Amino acid sequence: MDTLETSKSLDKELYSRQLYVLGLPAMQRIQGAKVLLSGLQGLGAEVAKNLVLMGVGSLTLHDPHPTCWSDLAAQFLLSEQDLGRSRAEASQKLLAELNGAVRVCVYTGNITEDLLLDFQVVVLTASRLEEQLRVGTFCHKHGVCFLVADTRGLVGQLFCDFGKNFTVQDPTEAEPLTAAIQHISQGSPGILTLREEADAHHFHTGDWVTFSGIEGMVELNGCDPRPLYVREDGTLEIGDTTAFSPYLRGGAVTEVKRAKTVSHEPLDAALLQPRVVAQSPQEVHRARCLHQSFRALHKFQQLHGRPPKPWDPVDAEMVVDLAQAMGPLKGTEGKPLEEQLDEALVRTVALSSAGGLSPMAAVLGAVAAQEVLKAISGKFMPLDQWLYFDALDCLPEDGDPFPNPEDCAPRRCRYDGQTAVFGANFQEKLSHQHYFLVGAGAVGCELLKGFALMGLGTRGRGGVTVADMDHVELSNLSRQFLFRSQDVHRQKAEVAAKAARRLNADLQVTPLNLPLDPSTEDIFGDDFFSGVDGVAAALDTFEARDYVAARCTHFLKPLLEAGTTGTRGSTGVFIPHVTENYRAPSSDAASEDAPDPVCTVRYIPTTTEHTVQWAKGEFDDLFCESAKTINSHPEALSSPEHLVKSQKQPLLQTMRGVLTERPQTWRDCVLWALGHWQLRFHHGITQLLRTYPPDRVQEDGAPFWSGPKQCPQPLEFDPSQDTHLLYVLAAANLYAQMHGLPGSQDQTALRLLLNLLPQPDPQNLDRIFASELELDSPSGEFGCKQLHEDLKTWRKGPPLEPLTFEKDNDSNFHVDFVVAAASLRAQNYGIPAAGHAETKRIVGRIIPAVVTTTAAVAGLVGLELYKVVGGSRPLHAFRHSYLHLAENYFSRWVPKAPDIQEFHHLKWTCWNRLEVPAEQPERTLGSLLALIQELQGLRVTMLLHGSTLLYSAGWSEEKQAQHLSHSVTDLVKKVPGQRVLVLELGYEGEEYDTNFPRLHYKL
């Protein structure tokens, strides 16, 4: 059992998704950490929210400044009732409610040196440069990790100083790579060949590895880490193996992660010689210009005692002059850089710098909080050292008028921070928008929070409709800001809507406890979508995203979508007639929910996932489906033949394994579990090798057992081995639960009992195994007849208790059984075994998640929403985004334009359609076809509605005449709420496979 399950103090269910990202050691360090956060405007609130949800031990808030109107556009912990109160004191209560395990307190004095020494990490937001330098110098000297974060309008900065020698315990997010071994040669160097050729591409020269499960060359098992060298042919050199025993079979090679040390400069040095995170030389130059812009803004504040006024050209020119007067920055070698300052960029930053925006706070607050966790836990590489992020592409295009100072002046309302950037006229547009939010999970809650703060849908016809059919679970609370512990088991959509209204009472939000899928098209039809301005999708499967995207394409609605996996996140924006439409990654979409072939999982597993799938199937058949069948299928008792016809063959075998004598004691249950161990991991493998012996060859002469198909080996039961014992312990307890008998958790007593029990009778195992064979074979017939007799006997006793698998309960032996069964199956086939946590992830299809990534992608969606609401924009104004917080990778790029398709004189994209208004009296099918021919000059050879063929040129003349005289809507079933019939066309003379624009016939 791996370490993820050994902690007693950690709420594993609450942090379950986060644990898959960070791991138990990092979470334990986070739980014991103390953080000081100074500055509780919107950015500081985001940092605080993320840290509390992720379970930092103690968070001290510092911000004596009074709440003002401009705070409310981004600070979700404050309201109009808090105006004039200290931001920190007003924020403390709501933050504390997010996680009872976190101590949230307020410090009201000045930041002194004695105070700083009490914390592992200090974060300053919305602070003056003089304070940053004072605090940063002290923290660097005394080994306190130090961060500075700030947003000014549509630009943001983040600085990290973790000291001269900061140790990163685990530099990457990826689990250590494990691969199955095909062969290892004796020699200097020894050459290792992997079973799956593709696995070789994941290892790199210089990686360190160790080994396990090898038969023959056992000297490598558990050895000290060895360096790898990847050869051109994909094989791996692993050092001298000359003196080792000859390799026989099996085993796995596993990457060993090694700690790294990073060195950071203090803030005073880093100001003049900034190391910036960027992906290209152009981005480096832009980041340095933004660096100078922030320095100039600080200088302006120092000289004038205030920030630049919103969109004031005089103040902006002063900032440009200050930036120019600072002189050049220094490069990595300490020499002055000869880069030209981008004055236009500095000017734009200054003009729009007075505001505070919720999406910007979300993005920078997420990254800052992740860096705090890196500082605490040593998990993932920290930033080196400056990060600059800007979304100035949200502003009007060149040539379009910028907001004027009067339109952006404060109005003493909750949107003052946003109108300072975009103006009051834009705020009015936002308030009248109606958006459809699909999904109220982690990303959906963050989006809804952002909508409330931005003032989306607060007036007139505006609003937000949120749809989600799921209920709140405990694991949601560590990454979903709108839910609380009392909301567990309630409908997500209703809880999220109510919480969002508390953030902004003017938000007109409607919750719907429904999915968006084909079953609800009568609800989410023409009438519904005609009142929607756009759609935001926060879904966790590609299938669901594809469906929502298809509806947006159909109704010509903008789609904003986002998703996360661990510290990776992505967002997309899809605008009718401007960008391409959404298409899920083909490989992921195809494999996401597709099960592996049954024969592969049952007989020839090749991956760890196969072994876990098999073990979960064992659980379901042994302890659930067989019990249900025994309890509730009296019709199966009529004859052995009827029994065989009514049940699946694998379940018959499992039932035969269950229907031995009824257990009366714990000893009986243990004896049954031991027998089943022998049946599955020894006898069953022996039987398989009789059919497919190790030397079997295929028709082409190739060995049957080769490549990824590893020849299995039967195991010998050994109660001294933990996995063997765990299987019997779990299986016996589950079998006892089925029969209403008491179980036992005493492993010592179980070992003693197993040493006394007789080994299962091989002939009895043969009889059980025979029921898997076909009925027309002698052994199969005997097995089914015996099963039939046993079933009749069992029906005379009390019913069994079917056990429904529960992945989140570690005390009921459900997961223990699957872990042990999968591990033993892996040993049979020489496959790397999954640990306890990995097994739960595979069985539960759990997506690793952290609130930082969730908040970041929600903020990126909010930035694109500004552009969509602002009106018509060209393609280059929009941005897709991808980020990987663990590896400090941030990318935004312009989407692709929609593909243009051509057929004869027609040109169209995915957004185009042929539109035909209905006439009075209603148009017949014949007149519709004639109109299409007249408009397009093409003969229609086929017309369909969905899967219903309405017309075919291949029909007889009589049949054509019958259909051509019908009205169009008489030929299809009308759907409530639908005001447009969508018809698919086929054209005579089609020269290649293409999707023609669909015909929209307005009813």
# chains A, B, ... in the order shown; residues from 1 in each chain; ligands from 1
>>> select_by_dssp(residues="segment 457-567 of chain A", states="strand (DSSP E)", output="PDB file with all heavy atoms, in the first residue's frame")
ATOM      1  N   GLY A 463     -28.984  38.046 -18.304  1.00  0.00           N
ATOM      2  CA  GLY A 463     -29.035  37.018 -17.277  1.00  0.00           C
ATOM      3  C   GLY A 463     -28.039  35.915 -17.558  1.00  0.00           C
ATOM      4  O   GLY A 463     -27.334  35.917 -18.564  1.00  0.00           O
ATOM      5  N   VAL A 464     -27.992  34.979 -16.649  1.00  0.00           N
ATOM      6  CA  VAL A 464     -27.170  33.779 -16.791  1.00  0.00           C
ATOM      7  C   VAL A 464     -28.037  32.573 -16.466  1.00  0.00           C
ATOM      8  O   VAL A 464     -28.664  32.526 -15.404  1.00  0.00           O
ATOM      9  CB  VAL A 464     -25.946  33.805 -15.856  1.00  0.00           C
ATOM     10  CG1 VAL A 464     -25.165  32.493 -15.974  1.00  0.00           C
ATOM     11  CG2 VAL A 464     -25.036  34.988 -16.165  1.00  0.00           C
ATOM     12  N   THR A 465     -28.123  31.634 -17.391  1.00  0.00           N
ATOM     13  CA  THR A 465     -28.780  30.357 -17.135  1.00  0.00           C
ATOM     14  C   THR A 465     -27.698  29.310 -16.957  1.00  0.00           C
ATOM     15  O   THR A 465     -26.834  29.154 -17.816  1.00  0.00           O
ATOM     16  CB  THR A 465     -29.699  29.961 -18.309  1.00  0.00           C
ATOM     17  OG1 THR A 465     -30.706  30.960 -18.479  1.00  0.00           O
ATOM     18  CG2 THR A 465     -30.352  28.614 -18.040  1.00  0.00           C
ATOM     19  N   VAL A 466     -27.733  28.623 -15.814  1.00  0.00           N
ATOM     20  CA  VAL A 466     -26.706  27.622 -15.531  1.00  0.00           C
ATOM     21  C   VAL A 466     -27.370  26.251 -15.437  1.00  0.00           C
ATOM     22  O   VAL A 466     -28.371  26.081 -14.732  1.00  0.00           O
ATOM     23  CB  VAL A 466     -25.934  27.955 -14.236  1.00  0.00           C
ATOM     24  CG1 VAL A 466     -26.865  28.142 -13.053  1.00  0.00           C
ATOM     25  CG2 VAL A 466     -24.896  26.884 -13.939  1.00  0.00           C
ATOM     26  N   ALA A 467     -26.843  25.285 -16.182  1.00  0.00           N
ATOM     27  CA  ALA A 467     -27.409  23.938 -16.227  1.00  0.00           C
ATOM     28  C   ALA A 467     -26.395  22.924 -15.745  1.00  0.00           C
ATOM     29  O   ALA A 467     -25.251  22.907 -16.211  1.00  0.00           O
ATOM     30  CB  ALA A 467     -27.858  23.599 -17.650  1.00  0.00           C
ATOM     31  N   VAL A 509     -29.826  35.136 -12.404  1.00  0.00           N
ATOM     32  CA  VAL A 509     -29.324  33.804 -12.698  1.00  0.00           C
ATOM     33  C   VAL A 509     -30.431  32.775 -12.490  1.00  0.00           C
ATOM     34  O   VAL A 509     -31.156  32.821 -11.506  1.00  0.00           O
ATOM     35  CB  VAL A 509     -28.082  33.480 -11.827  1.00  0.00           C
ATOM     36  CG1 VAL A 509     -28.381  33.629 -10.352  1.00  0.00           C
ATOM     37  CG2 VAL A 509     -27.567  32.090 -12.133  1.00  0.00           C
ATOM     38  N   THR A 510     -30.542  31.863 -13.446  1.00  0.00           N
ATOM     39  CA  THR A 510     -31.568  30.823 -13.414  1.00  0.00           C
ATOM     40  C   THR A 510     -30.896  29.455 -13.407  1.00  0.00           C
ATOM     41  O   THR A 510     -30.201  29.104 -14.361  1.00  0.00           O
ATOM     42  CB  THR A 510     -32.491  30.928 -14.640  1.00  0.00           C
ATOM     43  OG1 THR A 510     -33.074  32.230 -14.685  1.00  0.00           O
ATOM     44  CG2 THR A 510     -33.577  29.864 -14.591  1.00  0.00           C
ATOM     45  N   PRO A 511     -31.079  28.654 -12.347  1.00  0.00           N
ATOM     46  CA  PRO A 511     -30.490  27.315 -12.341  1.00  0.00           C
ATOM     47  C   PRO A 511     -31.434  26.286 -12.967  1.00  0.00           C
ATOM     48  O   PRO A 511     -32.652  26.348 -12.790  1.00  0.00           O
ATOM     49  CB  PRO A 511     -30.311  27.035 -10.850  1.00  0.00           C
ATOM     50  CG  PRO A 511     -31.427  27.798 -10.187  1.00  0.00           C
ATOM     51  CD  PRO A 511     -31.684  29.015 -11.051  1.00  0.00           C
ATOM     52  N   LEU A 512     -30.868  25.338 -13.686  1.00  0.00           N
ATOM     53  CA  LEU A 512     -31.633  24.236 -14.264  1.00  0.00           C
ATOM     54  C   LEU A 512     -30.905  22.935 -13.932  1.00  0.00           C
ATOM     55  O   LEU A 512     -29.732  22.777 -14.283  1.00  0.00           O
ATOM     56  CB  LEU A 512     -31.762  24.390 -15.782  1.00  0.00           C
ATOM     57  CG  LEU A 512     -32.557  25.610 -16.286  1.00  0.00           C
ATOM     58  CD1 LEU A 512     -32.472  25.698 -17.808  1.00  0.00           C
ATOM     59  CD2 LEU A 512     -34.004  25.528 -15.842  1.00  0.00           C
ATOM     60  N   GLY A 534     -24.601  33.978 -25.904  1.00  0.00           N
ATOM     61  CA  GLY A 534     -23.405  33.157 -25.999  1.00  0.00           C
ATOM     62  C   GLY A 534     -23.468  32.018 -25.006  1.00  0.00           C
ATOM     63  O   GLY A 534     -24.341  31.968 -24.130  1.00  0.00           O
ATOM     64  N   VAL A 535     -22.509  31.083 -25.147  1.00  0.00           N
ATOM     65  CA  VAL A 535     -22.468  29.886 -24.315  1.00  0.00           C
ATOM     66  C   VAL A 535     -21.073  29.756 -23.716  1.00  0.00           C
ATOM     67  O   VAL A 535     -20.069  29.949 -24.409  1.00  0.00           O
ATOM     68  CB  VAL A 535     -22.802  28.624 -25.132  1.00  0.00           C
ATOM     69  CG1 VAL A 535     -22.677  27.367 -24.272  1.00  0.00           C
ATOM     70  CG2 VAL A 535     -24.204  28.732 -25.731  1.00  0.00           C
ATOM     71  N   ALA A 536     -21.019  29.442 -22.431  1.00  0.00           N
ATOM     72  CA  ALA A 536     -19.759  29.115 -21.760  1.00  0.00           C
ATOM     73  C   ALA A 536     -19.851  27.662 -21.310  1.00  0.00           C
ATOM     74  O   ALA A 536     -20.792  27.295 -20.604  1.00  0.00           O
ATOM     75  CB  ALA A 536     -19.519  30.032 -20.563  1.00  0.00           C
ATOM     76  N   ALA A 537     -18.902  26.847 -21.734  1.00  0.00           N
ATOM     77  CA  ALA A 537     -18.921  25.414 -21.425  1.00  0.00           C
ATOM     78  C   ALA A 537     -17.829  25.083 -20.425  1.00  0.00           C
ATOM     79  O   ALA A 537     -16.663  25.392 -20.656  1.00  0.00           O
ATOM     80  CB  ALA A 537     -18.753  24.591 -22.700  1.00  0.00           C
ATOM     81  N   LEU A 559     -19.008  30.429 -28.516  1.00  0.00           N
ATOM     82  CA  LEU A 559     -18.731  29.423 -27.491  1.00  0.00           C
ATOM     83  C   LEU A 559     -17.402  29.740 -26.831  1.00  0.00           C
ATOM     84  O   LEU A 559     -16.383  29.899 -27.504  1.00  0.00           O
ATOM     85  CB  LEU A 559     -18.680  28.025 -28.107  1.00  0.00           C
ATOM     86  CG  LEU A 559     -18.164  26.904 -27.190  1.00  0.00           C
ATOM     87  CD1 LEU A 559     -19.110  26.691 -26.009  1.00  0.00           C
ATOM     88  CD2 LEU A 559     -17.970  25.609 -27.976  1.00  0.00           C
ATOM     89  N   LEU A 560     -17.414  29.823 -25.501  1.00  0.00           N
ATOM     90  CA  LEU A 560     -16.209  29.943 -24.691  1.00  0.00           C
ATOM     91  C   LEU A 560     -16.102  28.674 -23.865  1.00  0.00           C
ATOM     92  O   LEU A 560     -17.057  28.310 -23.166  1.00  0.00           O
ATOM     93  CB  LEU A 560     -16.296  31.160 -23.771  1.00  0.00           C
ATOM     94  CG  LEU A 560     -16.531  32.514 -24.458  1.00  0.00           C
ATOM     95  CD1 LEU A 560     -16.876  33.577 -23.430  1.00  0.00           C
ATOM     96  CD2 LEU A 560     -15.310  32.920 -25.249  1.00  0.00           C
ATOM     97  N   GLU A 561     -14.982  27.969 -23.958  1.00  0.00           N
ATOM     98  CA  GLU A 561     -14.874  26.698 -23.231  1.00  0.00           C
ATOM     99  C   GLU A 561     -13.530  26.594 -22.542  1.00  0.00           C
ATOM    100  O   GLU A 561     -12.541  27.210 -22.952  1.00  0.00           O
ATOM    101  CB  GLU A 561     -15.124  25.517 -24.171  1.00  0.00           C
ATOM    102  CG  GLU A 561     -14.058  25.260 -25.205  1.00  0.00           C
ATOM    103  CD  GLU A 561     -12.963  24.348 -24.710  1.00  0.00           C
ATOM    104  OE1 GLU A 561     -13.206  23.529 -23.803  1.00  0.00           O
ATOM    105  OE2 GLU A 561     -11.840  24.465 -25.228  1.00  0.00           O
ATOM    106  N   ALA A 562     -13.513  25.805 -21.466  1.00  0.00           N
ATOM    107  CA  ALA A 562     -12.289  25.637 -20.691  1.00  0.00           C
ATOM    108  C   ALA A 562     -12.283  24.265 -20.048  1.00  0.00           C
ATOM    109  O   ALA A 562     -13.343  23.682 -19.768  1.00  0.00           O
ATOM    110  CB  ALA A 562     -12.179  26.720 -19.611  1.00  0.00           C
ATOM    111  N   GLY A 563     -11.078  23.760 -19.805  1.00  0.00           N
ATOM    112  CA  GLY A 563     -10.934  22.483 -19.123  1.00  0.00           C
ATOM    113  C   GLY A 563      -9.580  22.397 -18.458  1.00  0.00           C
ATOM    114  O   GLY A 563      -8.643  23.129 -18.815  1.00  0.00           O
ATOM    115  N   THR A 564      -9.468  21.518 -17.474  1.00  0.00           N
ATOM    116  CA  THR A 564      -8.201  21.351 -16.745  1.00  0.00           C
ATOM    117  C   THR A 564      -7.929  19.880 -16.469  1.00  0.00           C
ATOM    118  O   THR A 564      -8.847  19.065 -16.404  1.00  0.00           O
ATOM    119  CB  THR A 564      -8.214  22.092 -15.393  1.00  0.00           C
ATOM    120  OG1 THR A 564      -9.077  21.400 -14.478  1.00  0.00           O
ATOM    121  CG2 THR A 564      -8.676  23.523 -15.539  1.00  0.00           C
ATOM    122  N   THR A 565      -6.664  19.563 -16.324  1.00  0.00           N
ATOM    123  CA  THR A 565      -6.207  18.282 -15.795  1.00  0.00           C
ATOM    124  C   THR A 565      -4.973  18.574 -14.955  1.00  0.00           C
ATOM    125  O   THR A 565      -3.933  18.964 -15.484  1.00  0.00           O
ATOM    126  CB  THR A 565      -5.840  17.296 -16.917  1.00  0.00           C
ATOM    127  OG1 THR A 565      -6.984  17.053 -17.741  1.00  0.00           O
ATOM    128  CG2 THR A 565      -5.369  15.978 -16.328  1.00  0.00           C
TER     129      THR A 565
END
>>> select_by_dssp(residues="segment 909-951 of chain A", states="alpha helix (DSSP H)", output="ChimeraX atom specification")
/A:925-936
>>> residues_around(residues="Val144 of chain A", least_positions_apart="5", cutoff="8 Å", atoms="only C-alpha atoms", output="PyMOL selection string")
chain A and resi 116-117+119-122+139+162-163
>>> closest_residue(among="A:His202, A:Lys498, A:His963, A:Lys164", to="Thr924 of chain A", atoms="only C-alpha atoms")
A:His963
>>> residues_around(residues="Arg152 of chain A", least_positions_apart="6", cutoff="10 Å", atoms="only C-alpha atoms", output="list of chain:residue names")
A:Ala126, A:Phe294, A:Leu297, A:Pro307, A:Val349, A:Ala350, A:Ser352, A:Ser353, A:Ala354, A:Gly355, A:Gly356, A:Leu357, A:Met360, A:Ala361, A:Asp390, A:Val421
>>> write_last_selection(atoms="N, CA, C and O atoms", output="short mmCIF file (atom, residue, chain, number, x, y, z; two decimals), in the first residue's frame")
data_model
loop_
_atom_site.label_atom_id
_atom_site.label_comp_id
_atom_site.auth_asym_id
_atom_site.auth_seq_id
_atom_site.Cartn_x
_atom_site.Cartn_y
_atom_site.Cartn_z
N ALA A 126 -0.55 44.62 -4.42
CA ALA A 126 -0.97 46.02 -4.42
C ALA A 126 -0.12 46.85 -3.45
O ALA A 126 -0.64 47.68 -2.69
N PHE A 294 5.86 48.93 -15.23
CA PHE A 294 5.52 48.86 -13.80
C PHE A 294 6.45 49.73 -12.97
O PHE A 294 6.01 50.39 -12.02
N LEU A 297 5.21 53.21 -13.35
CA LEU A 297 3.97 53.44 -12.59
C LEU A 297 4.27 53.63 -11.11
O LEU A 297 3.64 54.47 -10.44
N PRO A 307 -2.17 57.01 -8.45
CA PRO A 307 -1.91 56.36 -9.74
C PRO A 307 -2.38 57.23 -10.88
O PRO A 307 -3.10 58.23 -10.67
N VAL A 349 -0.47 50.80 -21.43
CA VAL A 349 -0.50 50.31 -20.05
C VAL A 349 -0.90 51.43 -19.11
O VAL A 349 -1.76 51.25 -18.23
N ALA A 350 -0.30 52.60 -19.27
CA ALA A 350 -0.60 53.72 -18.38
C ALA A 350 -2.04 54.17 -18.50
O ALA A 350 -2.70 54.44 -17.49
N SER A 352 -4.70 52.48 -19.26
CA SER A 352 -5.69 51.52 -18.75
C SER A 352 -5.33 50.95 -17.40
O SER A 352 -5.94 49.98 -16.95
N SER A 353 -4.36 51.56 -16.71
CA SER A 353 -3.81 50.95 -15.49
C SER A 353 -4.61 51.22 -14.24
O SER A 353 -4.36 50.60 -13.20
N ALA A 354 -5.60 52.10 -14.28
CA ALA A 354 -6.27 52.50 -13.05
C ALA A 354 -7.29 51.48 -12.57
O ALA A 354 -7.71 51.52 -11.41
N GLY A 355 -7.69 50.53 -13.42
CA GLY A 355 -8.77 49.62 -13.05
C GLY A 355 -8.30 48.34 -12.41
O GLY A 355 -7.13 47.96 -12.46
N GLY A 356 -9.26 47.65 -11.79
CA GLY A 356 -9.03 46.32 -11.24
C GLY A 356 -10.06 45.36 -11.81
O GLY A 356 -11.27 45.57 -11.64
N LEU A 357 -9.62 44.31 -12.50
CA LEU A 357 -10.52 43.43 -13.24
C LEU A 357 -10.52 42.03 -12.64
O LEU A 357 -9.46 41.46 -12.34
N MET A 360 -8.39 39.30 -14.61
CA MET A 360 -6.94 39.46 -14.41
C MET A 360 -6.54 39.00 -13.01
O MET A 360 -5.51 38.33 -12.83
N ALA A 361 -7.35 39.35 -12.01
CA ALA A 361 -7.06 38.89 -10.64
C ALA A 361 -7.09 37.38 -10.56
O ALA A 361 -6.28 36.76 -9.87
N ASP A 390 -0.18 39.96 -19.99
CA ASP A 390 -1.03 41.07 -20.39
C ASP A 390 -2.12 40.59 -21.33
O ASP A 390 -1.95 39.63 -22.07
N VAL A 421 -11.39 50.76 -16.97
CA VAL A 421 -10.68 50.19 -18.12
C VAL A 421 -11.52 50.25 -19.38
O VAL A 421 -11.03 50.62 -20.45
#
>>> residues_around(residues="Glu130 of chain A", least_positions_apart="3", cutoff="12 Å", atoms="only C-alpha atoms", output="list in words")
Leu124, Ser127, Leu133, Arg134, Val135, Gly136, Thr137, Leu267, Asp268, Arg295, His298, Lys299, Gln301 and Gln302 of chain A
>>> residues_around(residues="Gly365 of chain A", least_positions_apart="2", cutoff="10 Å", atoms="only C-alpha atoms", output="PDB file with C-alpha atoms, in the first residue's frame")
ATOM      1  CA  GLY A  42      -9.110  41.532  -5.956  1.00  0.00           C
ATOM      2  CA  LEU A  43      -5.731  39.913  -6.587  1.00  0.00           C
ATOM      3  CA  GLY A  44      -5.065  39.312  -2.901  1.00  0.00           C
ATOM      4  CA  ALA A  45      -8.541  37.811  -2.457  1.00  0.00           C
ATOM      5  CA  GLU A  46      -7.842  35.329  -5.260  1.00  0.00           C
ATOM      6  CA  VAL A  47      -4.522  34.290  -3.726  1.00  0.00           C
ATOM      7  CA  ALA A  48      -6.154  33.883  -0.319  1.00  0.00           C
ATOM      8  CA  LYS A  49      -9.109  31.894  -1.654  1.00  0.00           C
ATOM      9  CA  ASN A  50      -6.861  29.460  -3.493  1.00  0.00           C
ATOM     10  CA  LEU A  51      -4.556  28.903  -0.530  1.00  0.00           C
ATOM     11  CA  THR A 125       0.009  42.486  -3.485  1.00  0.00           C
ATOM     12  CA  ALA A 149       2.065  40.133  -7.291  1.00  0.00           C
ATOM     13  CA  ASP A 150       0.258  43.031  -8.897  1.00  0.00           C
ATOM     14  CA  THR A 151      -2.286  43.786 -11.595  1.00  0.00           C
ATOM     15  CA  GLY A 156       0.000  41.831 -14.345  1.00  0.00           C
ATOM     16  CA  LEU A 158       4.605  38.241 -10.469  1.00  0.00           C
ATOM     17  CA  PRO A 359     -10.417  37.980 -14.822  1.00  0.00           C
ATOM     18  CA  MET A 360      -6.944  39.461 -14.407  1.00  0.00           C
ATOM     19  CA  ALA A 361      -7.055  38.895 -10.645  1.00  0.00           C
ATOM     20  CA  ALA A 362      -8.140  35.294 -11.263  1.00  0.00           C
ATOM     21  CA  VAL A 363      -5.252  34.545 -13.631  1.00  0.00           C
ATOM     22  CA  VAL A 367      -0.307  31.572 -10.600  1.00  0.00           C
ATOM     23  CA  ALA A 368       0.778  33.379  -7.428  1.00  0.00           C
ATOM     24  CA  ALA A 369      -0.972  30.846  -5.188  1.00  0.00           C
ATOM     25  CA  GLN A 370       0.662  27.971  -7.091  1.00  0.00           C
ATOM     26  CA  GLU A 371       4.065  29.588  -6.516  1.00  0.00           C
ATOM     27  CA  THR A 852      -5.309  27.200  -9.048  1.00  0.00           C
ATOM     28  CA  ALA A 855      -9.262  29.760 -11.395  1.00  0.00           C
ATOM     29  CA  ALA A 856      -6.683  30.573 -14.064  1.00  0.00           C
ATOM     30  CA  GLY A 859     -10.009  34.152 -15.759  1.00  0.00           C
TER      31      GLY A 859
END
>>> atom_distance(atom1="atom CA of Leu40 of chain A", atom2="atom CA of Ala88 of chain A")
6.0 Å
>>> residues_around(residues="Tyr829 of chain A", least_positions_apart="5", cutoff="7 Å", atoms="only C-alpha atoms", output="ChimeraX atom specification")
/A:710-713
>>> closest_residue(among="A:Pro176, A:Pro558, A:Pro189, A:Gly835", to="Thr210 of chain A", atoms="only C-alpha atoms")
A:Pro176
>>> closest_residue(among="A:Ala74, A:Gly572, A:Gln480, A:Ala833", to="Thr607 of chain A", atoms="only C-alpha atoms")
A:Ala833
>>> closest_residue(among="A:Asn425, A:Glu255, A:Glu197, A:Pro708", to="Asp233 of chain A", atoms="only C-alpha atoms")
A:Glu197
>>> atom_distance(atom1="atom CA of Met942 of chain A", atom2="atom CA of Thr553 of chain A")
22.9 Å
>>> atom_distance(atom1="atom CA of Leu236 of chain A", atom2="atom CA of Leu192 of chain A")
5.0 Å
